[in-house]
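Q: Sending over query16.txt (compact mmCIF, N, CA and C atoms).
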# COMPACT_ATOMS: atom_id res chain seq x y z
N MET T 4 0.84 -1.18 0.00
CA MET T 4 0.00 0.00 0.00
C MET T 4 0.89 1.25 0.00
N ASP T 5 0.30 2.36 -0.37
CA ASP T 5 1.07 3.57 -0.52
C ASP T 5 0.35 4.77 0.10
N ILE T 6 0.92 5.94 -0.10
CA ILE T 6 0.36 7.16 0.48
C ILE T 6 -1.01 7.48 -0.13
N LYS T 7 -1.22 7.16 -1.41
CA LYS T 7 -2.53 7.40 -2.02
C LYS T 7 -3.61 6.56 -1.33
N THR T 8 -3.25 5.37 -0.93
CA THR T 8 -4.19 4.53 -0.20
C THR T 8 -4.50 5.15 1.15
N ALA T 9 -3.47 5.64 1.83
CA ALA T 9 -3.69 6.30 3.12
C ALA T 9 -4.56 7.53 2.96
N SER T 10 -4.36 8.29 1.89
CA SER T 10 -5.18 9.47 1.63
C SER T 10 -6.64 9.08 1.41
N SER T 11 -6.84 8.00 0.70
CA SER T 11 -8.20 7.51 0.46
C SER T 11 -8.88 7.14 1.78
N LEU T 12 -8.14 6.47 2.65
CA LEU T 12 -8.68 6.10 3.97
C LEU T 12 -8.95 7.35 4.81
N GLN T 13 -8.07 8.33 4.72
CA GLN T 13 -8.25 9.57 5.49
C GLN T 13 -9.50 10.31 5.02
N ARG T 14 -9.74 10.36 3.71
CA ARG T 14 -10.95 11.03 3.21
C ARG T 14 -12.20 10.34 3.75
N LEU T 15 -12.20 9.02 3.71
CA LEU T 15 -13.35 8.28 4.23
C LEU T 15 -13.50 8.53 5.72
N ARG T 16 -12.40 8.55 6.44
CA ARG T 16 -12.44 8.80 7.88
C ARG T 16 -12.98 10.18 8.19
N LEU T 17 -12.54 11.17 7.44
CA LEU T 17 -12.95 12.55 7.71
C LEU T 17 -14.42 12.80 7.43
N VAL T 18 -15.04 12.03 6.56
CA VAL T 18 -16.45 12.23 6.28
C VAL T 18 -17.33 11.33 7.16
N SER T 19 -16.75 10.31 7.79
CA SER T 19 -17.58 9.37 8.55
C SER T 19 -18.19 9.99 9.81
N ALA T 20 -17.44 10.76 10.56
CA ALA T 20 -17.99 11.37 11.78
C ALA T 20 -19.06 12.43 11.46
N PRO T 21 -18.82 13.37 10.52
CA PRO T 21 -19.88 14.32 10.19
C PRO T 21 -21.14 13.63 9.64
N GLU T 22 -20.95 12.55 8.90
CA GLU T 22 -22.10 11.80 8.38
C GLU T 22 -22.89 11.20 9.54
N ALA T 23 -22.20 10.69 10.54
CA ALA T 23 -22.88 10.11 11.70
C ALA T 23 -23.62 11.19 12.50
N VAL T 24 -22.99 12.35 12.66
CA VAL T 24 -23.63 13.46 13.38
C VAL T 24 -24.88 13.92 12.63
N SER T 25 -24.77 14.04 11.30
CA SER T 25 -25.93 14.49 10.52
C SER T 25 -27.07 13.48 10.61
N PHE T 26 -26.73 12.19 10.68
CA PHE T 26 -27.76 11.16 10.81
C PHE T 26 -28.48 11.30 12.15
N LEU T 27 -27.71 11.50 13.21
CA LEU T 27 -28.32 11.67 14.53
C LEU T 27 -29.19 12.93 14.59
N LEU T 28 -28.70 14.02 13.99
CA LEU T 28 -29.49 15.26 13.96
C LEU T 28 -30.76 15.08 13.13
N LEU T 29 -30.67 14.32 12.06
CA LEU T 29 -31.87 14.04 11.26
C LEU T 29 -32.89 13.25 12.06
N LEU T 30 -32.42 12.30 12.86
CA LEU T 30 -33.34 11.54 13.71
C LEU T 30 -34.00 12.45 14.74
N VAL T 31 -33.22 13.35 15.35
CA VAL T 31 -33.77 14.30 16.32
C VAL T 31 -34.79 15.21 15.65
N CYS T 32 -34.45 15.70 14.47
CA CYS T 32 -35.39 16.58 13.74
C CYS T 32 -36.67 15.85 13.37
N SER T 33 -36.56 14.56 13.06
CA SER T 33 -37.76 13.78 12.74
C SER T 33 -38.69 13.67 13.95
N VAL T 34 -38.08 13.46 15.11
CA VAL T 34 -38.89 13.37 16.34
C VAL T 34 -39.52 14.73 16.64
N LEU T 35 -38.73 15.80 16.51
CA LEU T 35 -39.25 17.14 16.78
C LEU T 35 -40.36 17.53 15.81
N LYS T 36 -40.26 17.08 14.60
CA LYS T 36 -41.29 17.38 13.60
C LYS T 36 -42.64 16.79 14.03
N ARG T 37 -42.58 15.60 14.60
CA ARG T 37 -43.83 14.94 14.98
C ARG T 37 -44.36 15.37 16.35
N THR T 38 -43.50 15.98 17.16
CA THR T 38 -43.93 16.36 18.50
C THR T 38 -44.09 17.86 18.69
N THR T 39 -43.52 18.66 17.78
CA THR T 39 -43.62 20.12 17.89
C THR T 39 -43.89 20.70 16.50
N ASP T 40 -43.88 22.01 16.43
CA ASP T 40 -44.04 22.67 15.14
C ASP T 40 -42.71 22.88 14.43
N PHE T 41 -41.63 22.47 15.03
CA PHE T 41 -40.30 22.64 14.46
C PHE T 41 -40.09 21.61 13.35
N ASN T 42 -39.72 22.08 12.15
CA ASN T 42 -39.52 21.17 11.03
C ASN T 42 -38.23 21.51 10.30
N ALA T 43 -37.16 20.87 10.69
CA ALA T 43 -35.87 21.05 10.02
C ALA T 43 -35.50 19.81 9.22
N VAL T 44 -36.45 18.91 9.03
CA VAL T 44 -36.17 17.66 8.32
C VAL T 44 -35.72 17.92 6.88
N PRO T 45 -36.34 18.82 6.14
CA PRO T 45 -35.86 19.02 4.76
C PRO T 45 -34.40 19.48 4.69
N VAL T 46 -34.02 20.37 5.59
CA VAL T 46 -32.63 20.86 5.59
C VAL T 46 -31.67 19.77 6.04
N MET T 47 -31.97 19.14 7.15
CA MET T 47 -31.09 18.09 7.66
C MET T 47 -31.07 16.88 6.74
N GLY T 48 -32.18 16.61 6.09
CA GLY T 48 -32.22 15.52 5.12
C GLY T 48 -31.28 15.77 3.96
N ALA T 49 -31.26 17.01 3.48
CA ALA T 49 -30.36 17.36 2.38
C ALA T 49 -28.89 17.29 2.82
N VAL T 50 -28.61 17.82 4.00
CA VAL T 50 -27.24 17.79 4.51
C VAL T 50 -26.77 16.34 4.69
N HIS T 51 -27.61 15.54 5.31
CA HIS T 51 -27.26 14.14 5.52
C HIS T 51 -27.13 13.41 4.18
N GLY T 52 -27.99 13.71 3.25
CA GLY T 52 -27.92 13.07 1.94
C GLY T 52 -26.61 13.35 1.23
N VAL T 53 -26.16 14.59 1.26
CA VAL T 53 -24.88 14.94 0.63
C VAL T 53 -23.72 14.22 1.33
N LEU T 54 -23.74 14.24 2.66
CA LEU T 54 -22.66 13.57 3.40
C LEU T 54 -22.67 12.06 3.18
N PHE T 55 -23.85 11.47 3.08
CA PHE T 55 -23.93 10.03 2.84
C PHE T 55 -23.41 9.69 1.44
N ILE T 56 -23.76 10.50 0.45
CA ILE T 56 -23.25 10.26 -0.90
C ILE T 56 -21.73 10.38 -0.92
N LEU T 57 -21.19 11.39 -0.24
CA LEU T 57 -19.73 11.51 -0.14
C LEU T 57 -19.12 10.28 0.53
N TYR T 58 -19.76 9.82 1.60
CA TYR T 58 -19.26 8.64 2.30
C TYR T 58 -19.21 7.45 1.36
N VAL T 59 -20.28 7.23 0.60
CA VAL T 59 -20.33 6.09 -0.31
C VAL T 59 -19.26 6.21 -1.40
N LEU T 60 -19.09 7.41 -1.95
CA LEU T 60 -18.06 7.60 -2.98
C LEU T 60 -16.67 7.36 -2.41
N PHE T 61 -16.39 7.89 -1.23
CA PHE T 61 -15.09 7.68 -0.60
C PHE T 61 -14.90 6.22 -0.18
N TRP T 62 -15.99 5.57 0.22
CA TRP T 62 -15.94 4.15 0.57
C TRP T 62 -15.57 3.31 -0.65
N LEU T 63 -16.18 3.61 -1.79
CA LEU T 63 -15.84 2.89 -3.02
C LEU T 63 -14.38 3.10 -3.40
N ASP T 64 -13.90 4.33 -3.28
CA ASP T 64 -12.51 4.62 -3.59
C ASP T 64 -11.57 3.87 -2.65
N ALA T 65 -11.89 3.88 -1.36
CA ALA T 65 -11.05 3.18 -0.39
C ALA T 65 -11.07 1.68 -0.64
N TRP T 66 -12.22 1.14 -0.96
CA TRP T 66 -12.34 -0.30 -1.24
C TRP T 66 -11.48 -0.65 -2.46
N ASN T 67 -11.52 0.18 -3.48
CA ASN T 67 -10.74 -0.06 -4.68
C ASN T 67 -9.24 0.01 -4.40
N ARG T 68 -8.82 0.98 -3.61
CA ARG T 68 -7.38 1.15 -3.36
C ARG T 68 -6.82 0.14 -2.36
N THR T 69 -7.60 -0.18 -1.33
CA THR T 69 -7.08 -1.07 -0.28
C THR T 69 -7.26 -2.54 -0.62
N LYS T 70 -8.13 -2.82 -1.56
CA LYS T 70 -8.44 -4.22 -1.92
C LYS T 70 -9.00 -4.98 -0.72
N TRP T 71 -9.90 -4.29 0.03
CA TRP T 71 -10.55 -4.96 1.15
C TRP T 71 -11.28 -6.19 0.66
N ASN T 72 -11.38 -7.19 1.53
CA ASN T 72 -12.24 -8.32 1.20
C ASN T 72 -13.69 -7.89 1.38
N LEU T 73 -14.61 -8.69 0.92
CA LEU T 73 -16.03 -8.32 0.95
C LEU T 73 -16.53 -8.08 2.38
N LYS T 74 -16.03 -8.85 3.33
CA LYS T 74 -16.47 -8.71 4.73
C LYS T 74 -16.08 -7.33 5.28
N THR T 75 -14.85 -6.90 5.04
CA THR T 75 -14.39 -5.60 5.54
C THR T 75 -15.13 -4.47 4.86
N ALA T 76 -15.29 -4.56 3.55
CA ALA T 76 -16.01 -3.52 2.81
C ALA T 76 -17.46 -3.43 3.29
N ALA T 77 -18.09 -4.57 3.51
CA ALA T 77 -19.48 -4.59 3.98
C ALA T 77 -19.56 -3.99 5.39
N LEU T 78 -18.58 -4.27 6.24
CA LEU T 78 -18.57 -3.72 7.59
C LEU T 78 -18.58 -2.20 7.55
N TYR T 79 -17.70 -1.61 6.73
CA TYR T 79 -17.64 -0.15 6.65
C TYR T 79 -18.93 0.43 6.06
N PHE T 80 -19.57 -0.29 5.15
CA PHE T 80 -20.83 0.21 4.60
C PHE T 80 -21.94 0.12 5.65
N VAL T 81 -22.02 -1.00 6.35
CA VAL T 81 -23.05 -1.16 7.39
C VAL T 81 -22.88 -0.12 8.49
N LEU T 82 -21.63 0.19 8.84
CA LEU T 82 -21.39 1.21 9.85
C LEU T 82 -21.93 2.57 9.41
N SER T 83 -21.99 2.81 8.11
CA SER T 83 -22.49 4.11 7.63
C SER T 83 -24.01 4.24 7.78
N VAL T 84 -24.72 3.14 7.90
CA VAL T 84 -26.18 3.23 8.02
C VAL T 84 -26.68 3.00 9.45
N LEU T 85 -25.77 2.79 10.37
CA LEU T 85 -26.15 2.69 11.78
C LEU T 85 -25.99 4.07 12.44
N PRO T 86 -26.89 4.43 13.34
CA PRO T 86 -26.83 5.77 13.92
C PRO T 86 -25.49 6.16 14.54
N LEU T 87 -24.80 5.28 15.21
CA LEU T 87 -23.50 5.60 15.81
C LEU T 87 -22.35 4.94 15.06
N GLY T 88 -22.65 4.28 13.98
CA GLY T 88 -21.64 3.52 13.24
C GLY T 88 -20.52 4.35 12.67
N GLY T 89 -20.81 5.57 12.25
CA GLY T 89 -19.78 6.43 11.68
C GLY T 89 -18.66 6.74 12.65
N PHE T 90 -18.99 6.81 13.93
CA PHE T 90 -17.96 7.06 14.94
C PHE T 90 -17.02 5.86 15.08
N PHE T 91 -17.59 4.65 15.03
CA PHE T 91 -16.76 3.45 15.09
C PHE T 91 -15.90 3.33 13.83
N ALA T 92 -16.50 3.65 12.68
CA ALA T 92 -15.75 3.60 11.42
C ALA T 92 -14.58 4.58 11.46
N GLU T 93 -14.82 5.77 11.99
CA GLU T 93 -13.77 6.77 12.05
C GLU T 93 -12.57 6.27 12.86
N ARG T 94 -12.83 5.63 13.97
CA ARG T 94 -11.74 5.12 14.82
C ARG T 94 -10.97 4.00 14.12
N LYS T 95 -11.70 3.08 13.49
CA LYS T 95 -11.05 1.98 12.79
C LYS T 95 -10.25 2.49 11.59
N LEU T 96 -10.80 3.45 10.87
CA LEU T 96 -10.12 3.99 9.70
C LEU T 96 -8.87 4.77 10.08
N LYS T 97 -8.91 5.45 11.22
CA LYS T 97 -7.74 6.19 11.68
C LYS T 97 -6.58 5.23 11.91
N ARG T 98 -6.85 4.11 12.59
CA ARG T 98 -5.80 3.11 12.83
C ARG T 98 -5.30 2.50 11.52
N GLU T 99 -6.24 2.18 10.64
CA GLU T 99 -5.86 1.56 9.37
C GLU T 99 -5.01 2.51 8.52
N ALA T 100 -5.39 3.77 8.46
CA ALA T 100 -4.62 4.75 7.70
C ALA T 100 -3.23 4.92 8.29
N GLN T 101 -3.12 4.93 9.60
CA GLN T 101 -1.80 5.06 10.24
C GLN T 101 -0.94 3.85 9.94
N ASN T 102 -1.53 2.67 9.92
CA ASN T 102 -0.78 1.46 9.57
C ASN T 102 -0.25 1.53 8.14
N VAL T 103 -1.07 2.05 7.23
CA VAL T 103 -0.65 2.19 5.83
C VAL T 103 0.50 3.19 5.72
N ILE T 104 0.38 4.30 6.43
CA ILE T 104 1.45 5.31 6.41
C ILE T 104 2.74 4.73 6.98
N ASP T 105 2.64 4.00 8.08
CA ASP T 105 3.83 3.39 8.69
C ASP T 105 4.48 2.40 7.73
N ALA T 106 3.67 1.58 7.05
CA ALA T 106 4.21 0.60 6.11
C ALA T 106 4.87 1.30 4.92
N ALA T 107 4.26 2.37 4.42
CA ALA T 107 4.84 3.10 3.29
C ALA T 107 6.14 3.79 3.71
N THR T 108 6.17 4.33 4.91
CA THR T 108 7.38 4.98 5.41
C THR T 108 8.52 3.97 5.57
N ALA T 109 8.18 2.81 6.11
CA ALA T 109 9.20 1.76 6.28
C ALA T 109 9.72 1.27 4.93
N ALA T 110 8.82 1.11 3.97
CA ALA T 110 9.23 0.66 2.64
C ALA T 110 10.12 1.71 1.97
N ARG T 111 9.78 2.96 2.16
CA ARG T 111 10.59 4.04 1.56
C ARG T 111 11.97 4.08 2.21
N ALA T 112 12.01 3.90 3.54
CA ALA T 112 13.29 3.92 4.24
C ALA T 112 14.19 2.77 3.78
N GLU T 113 13.58 1.64 3.44
CA GLU T 113 14.34 0.49 2.97
C GLU T 113 14.73 0.65 1.50
N GLY T 114 14.13 1.65 0.84
CA GLY T 114 14.45 1.87 -0.56
C GLY T 114 13.71 0.96 -1.53
N THR T 115 12.62 0.34 -1.05
CA THR T 115 11.88 -0.58 -1.90
C THR T 115 10.83 0.10 -2.75
N VAL T 116 10.47 1.35 -2.41
CA VAL T 116 9.50 2.10 -3.19
C VAL T 116 9.96 3.54 -3.32
N ASN T 117 9.39 4.24 -4.25
CA ASN T 117 9.69 5.67 -4.44
C ASN T 117 8.50 6.51 -4.08
N ALA T 118 7.80 6.18 -3.01
CA ALA T 118 6.58 6.90 -2.62
C ALA T 118 6.92 8.14 -1.84
Turn this file's structure into structure tokens for me.
A:
Amino acid sequence: MDIKTASSLQRLRLVSAPEAVSFLLLLVCSVLKRTTDFNAVPVMGAVHGVLFILYVLFWLDAWNRTKWNLKTAALYFVLSVLPLGGFFAERKLKREAQNVIDAATAARAEGTVNA
């Protein structure tokens, strides 16, 4: 793996937490819509929709670059549709990206790659 792979993982990581927050806010807005006159569902729905689409695009890019097996790729996708899943994905992706960076740095130090 190389730095481009780490960048792909970092992009996915950086969008996972905001996507999770927007999902939770959308759930809160849905409850408030039904219990009060407050209706922010259209706005939060749009925000969450954009963040979810970004998550899926970055997930596809990361899957392509990292060559995850189907189980790992499915795990990261399922985490995106669970209310708190994005936070767990962010933590796992942070560790994975750091491992990729460490491996690329070690390979470069050994002179095996020109990354």
Q: Pull the helix (DSSP H, G or I) assignments for chain T out of DSSP run on the backbone, and list those residues as a PyMOL selection string.
A: chain T and resi 6-38+44-69+73-84+88-113
Q: Report, in Å to a single decimal, how far apart CA of Glu22 (chain T) and CA of Phe55 (chain T) are.
A: 6.1 Å
Q: For region 94-98 of chain T, work out the shell of residues within 8 Å, counting only N, CA and C atoms and skipping chain neighbours fewer than 5 positions away, then give it as a ChimeraX atom specification.
A: /T:12-13,15-17,20,88-89,103-104
Q: Might you pull out every residue within 12 Å of Leu30 (chain T), with only C-alpha atoms counted and same-chain residues fewer than 6 positions away left off, and present them as a compact mmCIF listing (two decimals) with N, CA and C atoms, in the coordinates of the input?
A:
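Ended up saving to result17.txt:
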# COMPACT_ATOMS: atom_id res chain seq x y z
N ALA T 23 -22.20 10.69 10.54
CA ALA T 23 -22.88 10.11 11.70
C ALA T 23 -23.62 11.19 12.50
N VAL T 24 -22.99 12.35 12.66
CA VAL T 24 -23.63 13.46 13.38
C VAL T 24 -24.88 13.92 12.63
N LYS T 36 -40.26 17.08 14.60
CA LYS T 36 -41.29 17.38 13.60
C LYS T 36 -42.64 16.79 14.03
N ARG T 37 -42.58 15.60 14.60
CA ARG T 37 -43.83 14.94 14.98
C ARG T 37 -44.36 15.37 16.35
N ASN T 42 -39.72 22.08 12.15
CA ASN T 42 -39.52 21.17 11.03
C ASN T 42 -38.23 21.51 10.30
N ALA T 43 -37.16 20.87 10.69
CA ALA T 43 -35.87 21.05 10.02
C ALA T 43 -35.50 19.81 9.22
N VAL T 44 -36.45 18.91 9.03
CA VAL T 44 -36.17 17.66 8.32
C VAL T 44 -35.72 17.92 6.88
N PRO T 45 -36.34 18.82 6.14
CA PRO T 45 -35.86 19.02 4.76
C PRO T 45 -34.40 19.48 4.69
N MET T 47 -31.97 19.14 7.15
CA MET T 47 -31.09 18.09 7.66
C MET T 47 -31.07 16.88 6.74
N GLY T 48 -32.18 16.61 6.09
CA GLY T 48 -32.22 15.52 5.12
C GLY T 48 -31.28 15.77 3.96
N HIS T 51 -27.61 15.54 5.31
CA HIS T 51 -27.26 14.14 5.52
C HIS T 51 -27.13 13.41 4.18
N LEU T 85 -25.77 2.79 10.37
CA LEU T 85 -26.15 2.69 11.78
C LEU T 85 -25.99 4.07 12.44
N PRO T 86 -26.89 4.43 13.34
CA PRO T 86 -26.83 5.77 13.92
C PRO T 86 -25.49 6.16 14.54
N LEU T 87 -24.80 5.28 15.21
CA LEU T 87 -23.50 5.60 15.81
C LEU T 87 -22.35 4.94 15.06
Q: Between T:Leu35, T:Phe90, T:Leu82, T:Asn72, single out the one closest to Pro21 (chain T), counting only N, CA and C atoms.
A: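 Nearest candidate to Pro21 (chain T) out of T:Leu35, T:Phe90, T:Leu82, T:Asn72: T:Phe90.
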Q: Rounded to one decimal place, report the CA of Asn67 (chain T)-CA of Ser83 (chain T) distance in Å.
A: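 Between these atoms lies a distance of 17.5 Å.
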Q: Quick one: distance from atom N of Lys70 (chain T) to CA of Ser25 (chain T) in Å, one decimal?
A: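 That distance, rounded to one decimal, is 27.6 Å.
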Q: Taking only C-alpha atoms into account, which of T:Leu78, T:Leu27, T:Leu73, T:Val18 comes nearest Ile56 (chain T)?
A: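 Looking at the shortest contact to Ile56 (chain T), the residue is T:Val18.
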